[in-house]
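Student: Let me give you the structure first, and then I'll get to my questions.
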Amino acid sequence: MDLPSPVHGPRWMGAVLFLGVQLLALWPVAAVEVHTSREVEAVNGTNVRLKCTFSSSSPVGQRLTVTWNFRPQGLNSAESVFYYYEEPYPPTNGRFKERVTWDGNIGRNDVSIIVWNLNPSDNGTFTCQVKNPPDVDGTIGEIQLRVVQQVHFSEIHILLLAIGSACALMIIVVTVVAVCRHYRNRRQEKSTETVETELTEKETLKSTEEKASVPLED
């Protein structure tokens, strides 16, 4: 009597399940990408705009949230700076109370803020996190803020200053040359007019003398 062949159903189901897990692992996960300026330098006592934009694979919905935090220089603990959910929620306590305002535009994927009246204690790292369900994972933008007494000129600033100075000098030189030529032409015209006037007067005087020297007939 022949024995029944073994059932391979569970083995096939395991293979299919394993393949499905591998495909899910390879499938791109929906995530929010946050873009910020890596480093920002601002003068003590002034205001600074911390720019933060994002991109999402899902349309921007009403459940979008924006969280700004701050980590002081040399410390690991973070504190809340700003929160957005359907509308801006400025901080009600802490060092940033009445010093942070919303300057973003959700329709343009802009979630920037402005920090007012900077002081040295604002040195540190600001983080910007955006969640746009179902896109809730993704990068967290960081901005390293440095509050200084005066702005340090970078090589680009120096180059732009040099180019601007050279252009201004060229404009001044061209203007001076044009003015000098204008006055020189005016002097030449006046000189020519003077010579012509003198010649005309001499010819008139000579004609008058000739008429006077002709003897009258008896």
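Just remember, in the structure tokens the first chain shown is A, the second B, etc., residues are 1-based per chain, and ligands are 1-based in the order shown.
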Show which residues sit within 8 Å of region 141-145 of chain A, as a list in words. Count only C-alpha atoms, and ignore same-chain residues fewer than 2 positions away.

Tutor: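 Contacts, in chain order: Val34, His35, Thr36, Ser37, Arg38, Glu39, Val40, Glu41, Ala42, Leu50, Cys52, Asp122, Asn123, Gly124, Thr125, Phe126, Thr127, Cys128, Gln129, Thr139 and Val147 of chain A.
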
Student: List every residue of region 16-200 of chain A that DSSP, applied to the backbone of this structure, assigns to alpha helix (DSSP H), and report them as a PyMOL selection string.

Tutor: chain A and resi 16-26+155-200

Student: Write the residues you've just listed into a file as a tab-separated table (two decimals), in the first residue's frame, and include C-alpha atoms for each of them.

Tutor:
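The resulting file, selection.tsv, is reproduced below:
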```tsv
chain	number	residue	atom	x	y	z
A	16	VAL	CA	5.31	33.60	0.14
A	17	LEU	CA	5.30	35.28	3.54
A	18	PHE	CA	9.09	35.57	3.50
A	19	LEU	CA	9.00	37.09	0.00
A	20	GLY	CA	6.37	39.60	1.12
A	21	VAL	CA	8.50	40.72	4.05
A	22	GLN	CA	11.50	41.19	1.77
A	23	LEU	CA	9.44	43.28	-0.66
A	24	LEU	CA	8.17	45.46	2.16
A	25	ALA	CA	11.72	46.00	3.32
A	26	LEU	CA	12.78	47.09	-0.16
A	155	GLU	CA	35.54	85.32	1.61
A	156	ILE	CA	32.36	85.71	-0.44
A	157	HIS	CA	31.46	88.93	1.38
A	158	ILE	CA	34.98	90.29	0.82
A	159	LEU	CA	34.82	89.35	-2.88
A	160	LEU	CA	31.43	91.01	-3.28
A	161	LEU	CA	32.72	94.11	-1.49
A	162	ALA	CA	35.77	94.26	-3.78
A	163	ILE	CA	33.61	93.86	-6.90
A	164	GLY	CA	31.19	96.52	-5.68
A	165	SER	CA	34.04	98.92	-4.91
A	166	ALA	CA	35.58	98.36	-8.34
A	167	CYS	CA	32.24	99.00	-10.06
A	168	ALA	CA	31.69	102.16	-8.02
A	169	LEU	CA	35.19	103.39	-8.90
A	170	MET	CA	34.57	102.74	-12.60
A	171	ILE	CA	31.30	104.68	-12.45
A	172	ILE	CA	33.03	107.59	-10.74
A	173	VAL	CA	35.87	107.62	-13.32
A	174	VAL	CA	33.42	107.49	-16.25
A	175	THR	CA	31.35	110.31	-14.71
A	176	VAL	CA	34.42	112.51	-14.15
A	177	VAL	CA	35.65	111.91	-17.72
A	178	ALA	CA	32.21	112.73	-19.15
A	179	VAL	CA	31.97	115.94	-17.09
A	180	CYS	CA	35.48	117.01	-18.12
A	181	ARG	CA	34.72	116.41	-21.79
A	182	HIS	CA	31.49	118.34	-21.49
A	183	TYR	CA	33.19	121.40	-19.97
A	184	ARG	CA	36.06	121.17	-22.45
A	185	ASN	CA	33.62	121.16	-25.36
A	186	ARG	CA	31.81	124.12	-23.82
A	187	ARG	CA	35.09	126.03	-23.53
A	188	GLN	CA	35.97	125.23	-27.15
A	189	GLU	CA	32.56	126.40	-28.31
A	190	LYS	CA	32.91	129.64	-26.35
A	191	SER	CA	36.41	130.16	-27.71
A	192	THR	CA	35.19	129.61	-31.28
A	193	GLU	CA	32.29	132.02	-30.75
A	194	THR	CA	34.69	134.63	-29.33
A	195	VAL	CA	37.05	134.33	-32.33
A	196	GLU	CA	34.18	134.59	-34.77
A	197	THR	CA	32.83	137.65	-32.96
A	198	GLU	CA	36.22	139.34	-33.02
A	199	LEU	CA	36.62	138.63	-36.74
A	200	THR	CA	33.19	140.02	-37.45
```

Student: Region 41-210 of chain A: which residues are strand (DSSP E) by DSSP, as a compact mmCIF listing (two decimals) with all heavy atoms, in the first residue's frame?

Tutor:
```
# COMPACT_ATOMS: atom_id res chain seq x y z
N GLU A 41 24.68 82.95 11.46
CA GLU A 41 25.38 83.89 12.34
C GLU A 41 24.60 85.19 12.38
O GLU A 41 24.20 85.72 11.36
CB GLU A 41 26.80 84.13 11.82
CG GLU A 41 27.65 84.97 12.74
CD GLU A 41 29.07 85.12 12.23
OE1 GLU A 41 29.90 84.22 12.46
OE2 GLU A 41 29.35 86.15 11.57
N ALA A 42 24.36 85.68 13.58
CA ALA A 42 23.58 86.92 13.75
C ALA A 42 24.21 87.76 14.85
O ALA A 42 24.90 87.25 15.74
CB ALA A 42 22.13 86.59 14.08
N VAL A 43 23.95 89.07 14.78
CA VAL A 43 24.54 90.02 15.73
C VAL A 43 23.67 90.10 16.98
O VAL A 43 22.44 90.06 16.91
CB VAL A 43 24.69 91.40 15.07
CG1 VAL A 43 25.27 92.41 16.07
CG2 VAL A 43 25.57 91.31 13.83
N VAL A 48 16.61 87.33 13.88
CA VAL A 48 17.08 86.40 12.86
C VAL A 48 15.91 85.51 12.43
O VAL A 48 15.08 85.11 13.24
CB VAL A 48 18.24 85.53 13.39
CG1 VAL A 48 17.80 84.62 14.54
CG2 VAL A 48 18.84 84.69 12.27
N ARG A 49 15.87 85.25 11.13
CA ARG A 49 14.86 84.33 10.57
C ARG A 49 15.51 82.96 10.39
O ARG A 49 16.49 82.82 9.66
CB ARG A 49 14.34 84.84 9.23
CG ARG A 49 13.23 83.98 8.63
CD ARG A 49 12.72 84.60 7.33
NE ARG A 49 11.51 83.95 6.85
CZ ARG A 49 11.49 82.96 5.96
NH1 ARG A 49 12.65 82.51 5.45
NH2 ARG A 49 10.35 82.42 5.57
N LEU A 50 14.96 81.97 11.06
CA LEU A 50 15.44 80.60 10.93
C LEU A 50 14.59 79.90 9.87
O LEU A 50 13.43 79.57 10.11
CB LEU A 50 15.36 79.87 12.27
CG LEU A 50 16.15 80.51 13.42
CD1 LEU A 50 16.01 79.69 14.70
CD2 LEU A 50 17.62 80.68 13.05
N CYS A 52 13.19 77.11 7.44
CA CYS A 52 12.99 75.67 7.42
C CYS A 52 11.91 75.35 6.40
O CYS A 52 10.80 75.87 6.49
CB CYS A 52 12.60 75.15 8.81
SG CYS A 52 12.30 73.36 8.88
N THR A 53 12.24 74.51 5.43
CA THR A 53 11.27 74.07 4.42
C THR A 53 11.24 72.55 4.41
O THR A 53 12.13 71.89 4.94
CB THR A 53 11.64 74.60 3.03
OG1 THR A 53 12.96 74.13 2.68
CG2 THR A 53 11.63 76.12 3.00
N PHE A 54 10.22 71.99 3.79
CA PHE A 54 10.08 70.54 3.79
C PHE A 54 9.47 70.07 2.48
O PHE A 54 8.86 70.84 1.73
CB PHE A 54 9.20 70.09 4.97
CG PHE A 54 7.75 70.45 4.83
CD1 PHE A 54 6.83 69.57 4.28
CD2 PHE A 54 7.29 71.71 5.23
CE1 PHE A 54 5.49 69.92 4.14
CE2 PHE A 54 5.96 72.06 5.11
CZ PHE A 54 5.05 71.17 4.55
N SER A 55 9.63 68.79 2.22
CA SER A 55 8.99 68.13 1.09
C SER A 55 8.41 66.82 1.58
O SER A 55 9.01 66.14 2.42
CB SER A 55 9.99 67.88 -0.05
OG SER A 55 11.08 67.10 0.40
N SER A 56 7.22 66.47 1.06
CA SER A 56 6.52 65.28 1.52
C SER A 56 5.94 64.55 0.33
O SER A 56 5.51 65.17 -0.65
CB SER A 56 5.42 65.66 2.51
OG SER A 56 4.65 64.54 2.89
N THR A 65 2.02 68.83 11.55
CA THR A 65 2.55 69.46 12.76
C THR A 65 3.99 69.89 12.53
O THR A 65 4.74 69.25 11.78
CB THR A 65 2.49 68.50 13.96
OG1 THR A 65 3.31 67.34 13.68
CG2 THR A 65 1.08 68.07 14.25
N VAL A 66 4.36 70.97 13.19
CA VAL A 66 5.73 71.49 13.14
C VAL A 66 6.20 71.70 14.57
O VAL A 66 5.51 72.34 15.37
CB VAL A 66 5.81 72.83 12.36
CG1 VAL A 66 7.25 73.32 12.31
CG2 VAL A 66 5.23 72.67 10.96
N THR A 67 7.38 71.18 14.87
CA THR A 67 7.93 71.30 16.22
C THR A 67 9.33 71.89 16.14
O THR A 67 10.21 71.33 15.48
CB THR A 67 7.99 69.93 16.92
OG1 THR A 67 6.69 69.34 16.92
CG2 THR A 67 8.48 70.08 18.35
N TRP A 68 9.51 73.03 16.78
CA TRP A 68 10.82 73.67 16.89
C TRP A 68 11.32 73.48 18.33
O TRP A 68 10.60 73.78 19.29
CB TRP A 68 10.75 75.16 16.59
CG TRP A 68 10.74 75.51 15.13
CD1 TRP A 68 9.64 75.64 14.32
CD2 TRP A 68 11.87 75.80 14.31
NE1 TRP A 68 10.02 76.00 13.05
CE2 TRP A 68 11.40 76.10 13.02
CE3 TRP A 68 13.24 75.84 14.54
CZ2 TRP A 68 12.23 76.42 11.96
CZ3 TRP A 68 14.08 76.16 13.49
CH2 TRP A 68 13.58 76.45 12.21
N ASN A 69 12.55 72.98 18.47
CA ASN A 69 13.18 72.83 19.78
C ASN A 69 14.54 73.52 19.78
O ASN A 69 15.09 73.84 18.71
CB ASN A 69 13.33 71.36 20.15
CG ASN A 69 12.00 70.71 20.46
OD1 ASN A 69 11.11 71.33 21.04
ND2 ASN A 69 11.83 69.44 20.08
N PHE A 70 15.08 73.72 20.96
CA PHE A 70 16.38 74.38 21.10
C PHE A 70 17.23 73.62 22.12
O PHE A 70 16.75 73.26 23.20
CB PHE A 70 16.19 75.83 21.56
CG PHE A 70 17.48 76.53 21.90
CD1 PHE A 70 18.39 76.89 20.92
CD2 PHE A 70 17.79 76.83 23.23
CE1 PHE A 70 19.58 77.52 21.24
CE2 PHE A 70 18.96 77.47 23.55
CZ PHE A 70 19.87 77.82 22.56
N ARG A 71 18.47 73.39 21.72
CA ARG A 71 19.43 72.75 22.61
C ARG A 71 20.59 73.72 22.84
O ARG A 71 21.37 74.01 21.93
CB ARG A 71 19.94 71.44 22.01
CG ARG A 71 20.84 70.64 22.94
CD ARG A 71 21.14 69.25 22.39
NE ARG A 71 21.92 69.31 21.16
CZ ARG A 71 21.43 69.04 19.97
NH1 ARG A 71 20.14 68.69 19.83
NH2 ARG A 71 22.19 69.09 18.90
N PRO A 72 20.71 74.27 24.07
CA PRO A 72 21.77 75.25 24.34
C PRO A 72 23.15 74.66 24.10
O PRO A 72 23.36 73.45 24.19
CB PRO A 72 21.57 75.60 25.82
CG PRO A 72 20.15 75.21 26.12
CD PRO A 72 19.87 74.03 25.25
N GLU A 79 14.69 72.25 24.86
CA GLU A 79 13.49 72.92 25.33
C GLU A 79 12.65 73.36 24.15
O GLU A 79 13.16 73.61 23.05
CB GLU A 79 13.85 74.13 26.21
CG GLU A 79 14.73 75.15 25.53
CD GLU A 79 15.15 76.27 26.48
OE1 GLU A 79 14.36 77.22 26.62
OE2 GLU A 79 16.23 76.17 27.06
N SER A 80 11.35 73.47 24.37
CA SER A 80 10.43 73.82 23.30
C SER A 80 10.57 75.28 22.91
O SER A 80 10.75 76.16 23.75
CB SER A 80 9.00 73.53 23.75
OG SER A 80 8.08 73.92 22.75
N VAL A 81 10.50 75.51 21.61
CA VAL A 81 10.60 76.87 21.07
C VAL A 81 9.28 77.29 20.42
O VAL A 81 8.79 78.40 20.65
CB VAL A 81 11.74 76.97 20.04
CG1 VAL A 81 11.77 78.35 19.39
CG2 VAL A 81 13.07 76.66 20.68
N PHE A 82 8.70 76.39 19.62
CA PHE A 82 7.50 76.75 18.86
C PHE A 82 6.79 75.48 18.42
O PHE A 82 7.41 74.43 18.21
CB PHE A 82 7.89 77.58 17.62
CG PHE A 82 6.77 78.39 17.03
CD1 PHE A 82 6.53 79.68 17.47
CD2 PHE A 82 5.95 77.87 16.06
CE1 PHE A 82 5.50 80.43 16.94
CE2 PHE A 82 4.92 78.61 15.51
CZ PHE A 82 4.70 79.90 15.96
N TYR A 83 5.46 75.59 18.28
CA TYR A 83 4.68 74.44 17.83
C TYR A 83 3.57 74.92 16.89
O TYR A 83 2.99 76.00 17.10
CB TYR A 83 4.06 73.71 19.03
CG TYR A 83 3.32 72.44 18.66
CD1 TYR A 83 4.01 71.30 18.28
CD2 TYR A 83 1.93 72.40 18.68
CE1 TYR A 83 3.33 70.14 17.93
CE2 TYR A 83 1.24 71.24 18.34
CZ TYR A 83 1.95 70.11 17.96
OH TYR A 83 1.28 68.98 17.62
N TYR A 84 3.34 74.13 15.85
CA TYR A 84 2.28 74.46 14.88
C TYR A 84 1.41 73.23 14.65
O TYR A 84 1.90 72.15 14.36
CB TYR A 84 2.89 74.91 13.55
CG TYR A 84 1.86 75.28 12.50
CD1 TYR A 84 1.48 76.60 12.31
CD2 TYR A 84 1.26 74.29 11.71
CE1 TYR A 84 0.53 76.94 11.36
CE2 TYR A 84 0.32 74.62 10.76
CZ TYR A 84 -0.05 75.95 10.59
OH TYR A 84 -0.99 76.27 9.65
N TYR A 85 0.10 73.43 14.82
CA TYR A 85 -0.90 72.42 14.46
C TYR A 85 -2.18 73.16 14.10
O TYR A 85 -2.88 73.67 14.97
CB TYR A 85 -1.13 71.44 15.61
CG TYR A 85 -2.22 70.43 15.31
CD1 TYR A 85 -2.04 69.47 14.32
CD2 TYR A 85 -3.42 70.46 16.00
CE1 TYR A 85 -3.03 68.55 14.03
CE2 TYR A 85 -4.43 69.54 15.72
CZ TYR A 85 -4.23 68.59 14.73
OH TYR A 85 -5.22 67.69 14.43
N PRO A 88 -0.41 78.60 14.54
CA PRO A 88 0.83 78.74 15.33
C PRO A 88 0.53 78.78 16.83
O PRO A 88 -0.46 79.36 17.27
CB PRO A 88 1.41 80.07 14.85
CG PRO A 88 0.72 80.38 13.57
CD PRO A 88 -0.64 79.77 13.68
N TYR A 89 1.43 78.15 17.59
CA TYR A 89 1.36 78.18 19.05
C TYR A 89 2.70 78.68 19.60
O TYR A 89 3.62 77.89 19.81
CB TYR A 89 1.05 76.79 19.61
CG TYR A 89 -0.37 76.32 19.34
CD1 TYR A 89 -0.66 75.57 18.20
CD2 TYR A 89 -1.40 76.65 20.21
CE1 TYR A 89 -1.96 75.15 17.95
CE2 TYR A 89 -2.70 76.23 19.96
CZ TYR A 89 -2.97 75.48 18.82
OH TYR A 89 -4.26 75.07 18.57
N VAL A 100 9.47 84.72 19.87
CA VAL A 100 9.43 83.90 18.65
C VAL A 100 8.08 84.11 17.96
O VAL A 100 7.03 84.06 18.60
CB VAL A 100 9.63 82.40 18.98
CG1 VAL A 100 9.54 81.57 17.69
CG2 VAL A 100 10.96 82.17 19.66
N THR A 101 8.13 84.34 16.66
CA THR A 101 6.91 84.51 15.87
C THR A 101 6.97 83.62 14.64
O THR A 101 8.05 83.28 14.14
CB THR A 101 6.70 85.97 15.44
OG1 THR A 101 7.88 86.42 14.73
CG2 THR A 101 6.46 86.87 16.63
N TRP A 102 5.81 83.25 14.16
CA TRP A 102 5.67 82.41 12.97
C TRP A 102 5.93 83.24 11.72
O TRP A 102 5.41 84.33 11.56
CB TRP A 102 4.26 81.82 12.94
CG TRP A 102 3.90 81.04 11.72
CD1 TRP A 102 3.08 81.44 10.72
CD2 TRP A 102 4.33 79.73 11.39
NE1 TRP A 102 2.95 80.46 9.77
CE2 TRP A 102 3.72 79.39 10.15
CE3 TRP A 102 5.16 78.80 12.00
CZ2 TRP A 102 3.91 78.16 9.54
CZ3 TRP A 102 5.37 77.57 11.39
CH2 TRP A 102 4.76 77.26 10.17
N ILE A 113 10.58 80.43 11.30
CA ILE A 113 10.22 81.27 12.44
C ILE A 113 11.22 82.42 12.54
O ILE A 113 12.28 82.40 11.92
CB ILE A 113 10.20 80.48 13.77
CG1 ILE A 113 11.60 79.88 14.04
CG2 ILE A 113 9.14 79.41 13.76
CD1 ILE A 113 11.72 79.21 15.40
N ILE A 114 10.86 83.44 13.34
CA ILE A 114 11.76 84.56 13.61
C ILE A 114 12.01 84.62 15.11
O ILE A 114 11.07 84.57 15.90
CB ILE A 114 11.16 85.90 13.13
CG1 ILE A 114 11.02 85.91 11.61
CG2 ILE A 114 12.03 87.08 13.59
CD1 ILE A 114 10.41 87.19 11.07
N VAL A 115 13.28 84.71 15.46
CA VAL A 115 13.67 84.88 16.86
C VAL A 115 14.09 86.33 17.04
O VAL A 115 14.98 86.81 16.34
CB VAL A 115 14.81 83.92 17.25
CG1 VAL A 115 15.16 84.09 18.73
CG2 VAL A 115 14.42 82.48 16.97
N GLY A 124 23.42 77.96 20.21
CA GLY A 124 23.08 76.55 20.33
C GLY A 124 22.48 76.02 19.05
O GLY A 124 22.64 76.60 17.97
N THR A 125 21.76 74.91 19.16
CA THR A 125 21.20 74.22 18.00
C THR A 125 19.68 74.26 18.04
O THR A 125 19.06 73.84 19.02
CB THR A 125 21.67 72.76 17.97
OG1 THR A 125 23.09 72.72 17.96
CG2 THR A 125 21.15 72.05 16.72
N PHE A 126 19.09 74.78 16.97
CA PHE A 126 17.64 74.77 16.80
C PHE A 126 17.28 73.60 15.87
O PHE A 126 17.94 73.39 14.85
CB PHE A 126 17.15 76.08 16.18
CG PHE A 126 17.20 77.25 17.12
CD1 PHE A 126 18.40 77.93 17.33
CD2 PHE A 126 16.07 77.67 17.79
CE1 PHE A 126 18.45 79.01 18.18
CE2 PHE A 126 16.11 78.77 18.64
CZ PHE A 126 17.31 79.43 18.85
N THR A 127 16.25 72.85 16.23
CA THR A 127 15.81 71.73 15.41
C THR A 127 14.40 71.99 14.91
O THR A 127 13.56 72.56 15.61
CB THR A 127 15.83 70.41 16.20
OG1 THR A 127 14.97 70.51 17.33
CG2 THR A 127 17.24 70.09 16.65
N CYS A 128 14.16 71.56 13.68
CA CYS A 128 12.86 71.73 13.02
C CYS A 128 12.38 70.36 12.56
O CYS A 128 13.02 69.72 11.73
CB CYS A 128 13.00 72.69 11.84
SG CYS A 128 11.50 72.87 10.84
N GLN A 129 11.24 69.93 13.09
CA GLN A 129 10.68 68.62 12.75
C GLN A 129 9.28 68.81 12.18
O GLN A 129 8.46 69.52 12.76
CB GLN A 129 10.64 67.70 13.97
CG GLN A 129 10.14 66.30 13.66
CD GLN A 129 10.15 65.40 14.88
OE1 GLN A 129 10.16 65.87 16.01
NE2 GLN A 129 10.16 64.10 14.66
N VAL A 130 9.01 68.16 11.05
CA VAL A 130 7.72 68.26 10.38
C VAL A 130 7.13 66.86 10.23
O VAL A 130 7.82 65.93 9.81
CB VAL A 130 7.85 68.92 8.99
CG1 VAL A 130 6.50 69.02 8.31
CG2 VAL A 130 8.48 70.30 9.11
N LYS A 131 5.85 66.73 10.58
CA LYS A 131 5.11 65.48 10.38
C LYS A 131 3.86 65.78 9.58
O LYS A 131 3.08 66.67 9.94
CB LYS A 131 4.75 64.85 11.72
CG LYS A 131 5.95 64.35 12.52
CD LYS A 131 5.52 63.65 13.80
CE LYS A 131 6.73 63.12 14.57
NZ LYS A 131 6.31 62.40 15.81
N GLY A 141 15.60 68.77 10.70
CA GLY A 141 16.53 69.83 10.31
C GLY A 141 17.19 70.47 11.53
O GLY A 141 16.56 70.64 12.57
N GLU A 142 18.46 70.80 11.37
CA GLU A 142 19.21 71.44 12.46
C GLU A 142 19.83 72.74 11.96
O GLU A 142 20.30 72.83 10.83
CB GLU A 142 20.31 70.52 12.97
CG GLU A 142 19.79 69.30 13.72
CD GLU A 142 20.92 68.55 14.42
OE1 GLU A 142 22.11 68.92 14.22
OE2 GLU A 142 20.63 67.59 15.17
N ILE A 143 19.82 73.75 12.84
CA ILE A 143 20.45 75.04 12.56
C ILE A 143 21.34 75.39 13.74
O ILE A 143 20.86 75.52 14.87
CB ILE A 143 19.41 76.15 12.33
CG1 ILE A 143 18.51 75.81 11.15
CG2 ILE A 143 20.10 77.49 12.11
CD1 ILE A 143 17.40 76.83 10.92
N GLN A 144 22.62 75.56 13.44
CA GLN A 144 23.57 75.98 14.48
C GLN A 144 23.62 77.51 14.49
O GLN A 144 24.11 78.12 13.55
CB GLN A 144 24.96 75.39 14.19
CG GLN A 144 26.00 75.67 15.26
CD GLN A 144 25.74 74.89 16.54
OE1 GLN A 144 25.24 73.78 16.50
NE2 GLN A 144 26.07 75.48 17.67
N LEU A 145 23.09 78.11 15.56
CA LEU A 145 23.05 79.57 15.64
C LEU A 145 24.22 80.09 16.47
O LEU A 145 24.48 79.60 17.57
CB LEU A 145 21.74 80.03 16.27
CG LEU A 145 21.59 81.54 16.49
CD1 LEU A 145 21.60 82.29 15.17
CD2 LEU A 145 20.32 81.86 17.28
N ARG A 146 24.89 81.09 15.90
CA ARG A 146 25.99 81.76 16.61
C ARG A 146 25.64 83.23 16.74
O ARG A 146 25.43 83.93 15.76
CB ARG A 146 27.31 81.60 15.87
CG ARG A 146 27.89 80.19 15.91
CD ARG A 146 29.36 80.19 15.55
NE ARG A 146 29.61 80.87 14.28
CZ ARG A 146 30.77 81.40 13.92
NH1 ARG A 146 31.79 81.37 14.77
NH2 ARG A 146 30.93 81.97 12.75
N VAL A 147 25.57 83.68 17.99
CA VAL A 147 25.29 85.09 18.27
C VAL A 147 26.62 85.79 18.55
O VAL A 147 27.34 85.42 19.48
CB VAL A 147 24.34 85.23 19.47
CG1 VAL A 147 24.05 86.70 19.74
CG2 VAL A 147 23.05 84.47 19.22
N VAL A 148 26.95 86.78 17.73
CA VAL A 148 28.24 87.46 17.82
C VAL A 148 28.02 88.95 18.06
O VAL A 148 26.91 89.47 17.89
CB VAL A 148 29.07 87.24 16.53
CG1 VAL A 148 29.40 85.77 16.34
CG2 VAL A 148 28.32 87.77 15.31
```

Student: What's the 9 Å shell around Asn132 (chain A), counting only C-alpha atoms, without same-chain residues fewer than 6 positions away, as a PyMOL selection string?

Tutor: chain A and resi 31-32+56+58-66

Student: Measuring between only C-alpha atoms, which one of A:Gln73, A:Pro91, A:Glu33, A:Glu201 shows the shortest distance to Ile140 (chain A)?

Tutor: A:Glu33

Student: I'd like the contact shell of Asp110 (chain A) - 9 Å cut-off, only C-alpha atoms, skipping same-chain residues fewer than 2 positions apart - returned as an mmCIF file with N, CA and C atoms, in the first residue's frame.

Tutor:
```
data_model
loop_
_atom_site.group_PDB
_atom_site.id
_atom_site.type_symbol
_atom_site.label_atom_id
_atom_site.label_comp_id
_atom_site.auth_asym_id
_atom_site.auth_seq_id
_atom_site.Cartn_x
_atom_site.Cartn_y
_atom_site.Cartn_z
ATOM 1 N N LYS A 51 15.188 79.707 8.709
ATOM 2 C CA LYS A 51 14.443 79.164 7.576
ATOM 3 C C LYS A 51 14.391 77.642 7.652
ATOM 4 N N CYS A 52 13.189 77.113 7.440
ATOM 5 C CA CYS A 52 12.995 75.669 7.424
ATOM 6 C C CYS A 52 11.907 75.347 6.403
ATOM 7 N N THR A 53 12.238 74.509 5.425
ATOM 8 C CA THR A 53 11.273 74.072 4.424
ATOM 9 C C THR A 53 11.238 72.547 4.414
ATOM 10 N N PHE A 54 10.217 71.991 3.792
ATOM 11 C CA PHE A 54 10.077 70.539 3.790
ATOM 12 C C PHE A 54 9.470 70.069 2.480
ATOM 13 N N ASP A 103 6.753 82.709 10.810
ATOM 14 C CA ASP A 103 7.039 83.392 9.550
ATOM 15 C C ASP A 103 7.002 82.409 8.388
ATOM 16 N N GLY A 104 6.185 81.368 8.540
ATOM 17 C CA GLY A 104 6.112 80.344 7.513
ATOM 18 C C GLY A 104 4.868 80.465 6.652
ATOM 19 N N ASN A 105 4.788 79.563 5.681
ATOM 20 C CA ASN A 105 3.642 79.478 4.779
ATOM 21 C C ASN A 105 3.468 78.007 4.420
ATOM 22 N N ILE A 106 2.501 77.359 5.055
ATOM 23 C CA ILE A 106 2.309 75.929 4.852
ATOM 24 C C ILE A 106 2.053 75.608 3.388
ATOM 25 N N GLY A 107 1.313 76.489 2.707
ATOM 26 C CA GLY A 107 1.027 76.253 1.293
ATOM 27 C C GLY A 107 2.273 76.194 0.435
ATOM 28 N N ARG A 108 3.340 76.837 0.892
ATOM 29 C CA ARG A 108 4.610 76.824 0.159
ATOM 30 C C ARG A 108 5.648 75.938 0.836
ATOM 31 N N SER A 112 9.180 78.405 8.615
ATOM 32 C CA SER A 112 10.212 79.212 9.247
ATOM 33 C C SER A 112 9.661 80.012 10.426
#
```

Student: Rounded to one decimal, what separation in Å do you get between CA of Asn109 (chain A) and CA of Pro90 (chain A)?

Tutor: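 So the answer is 19.1 Å.
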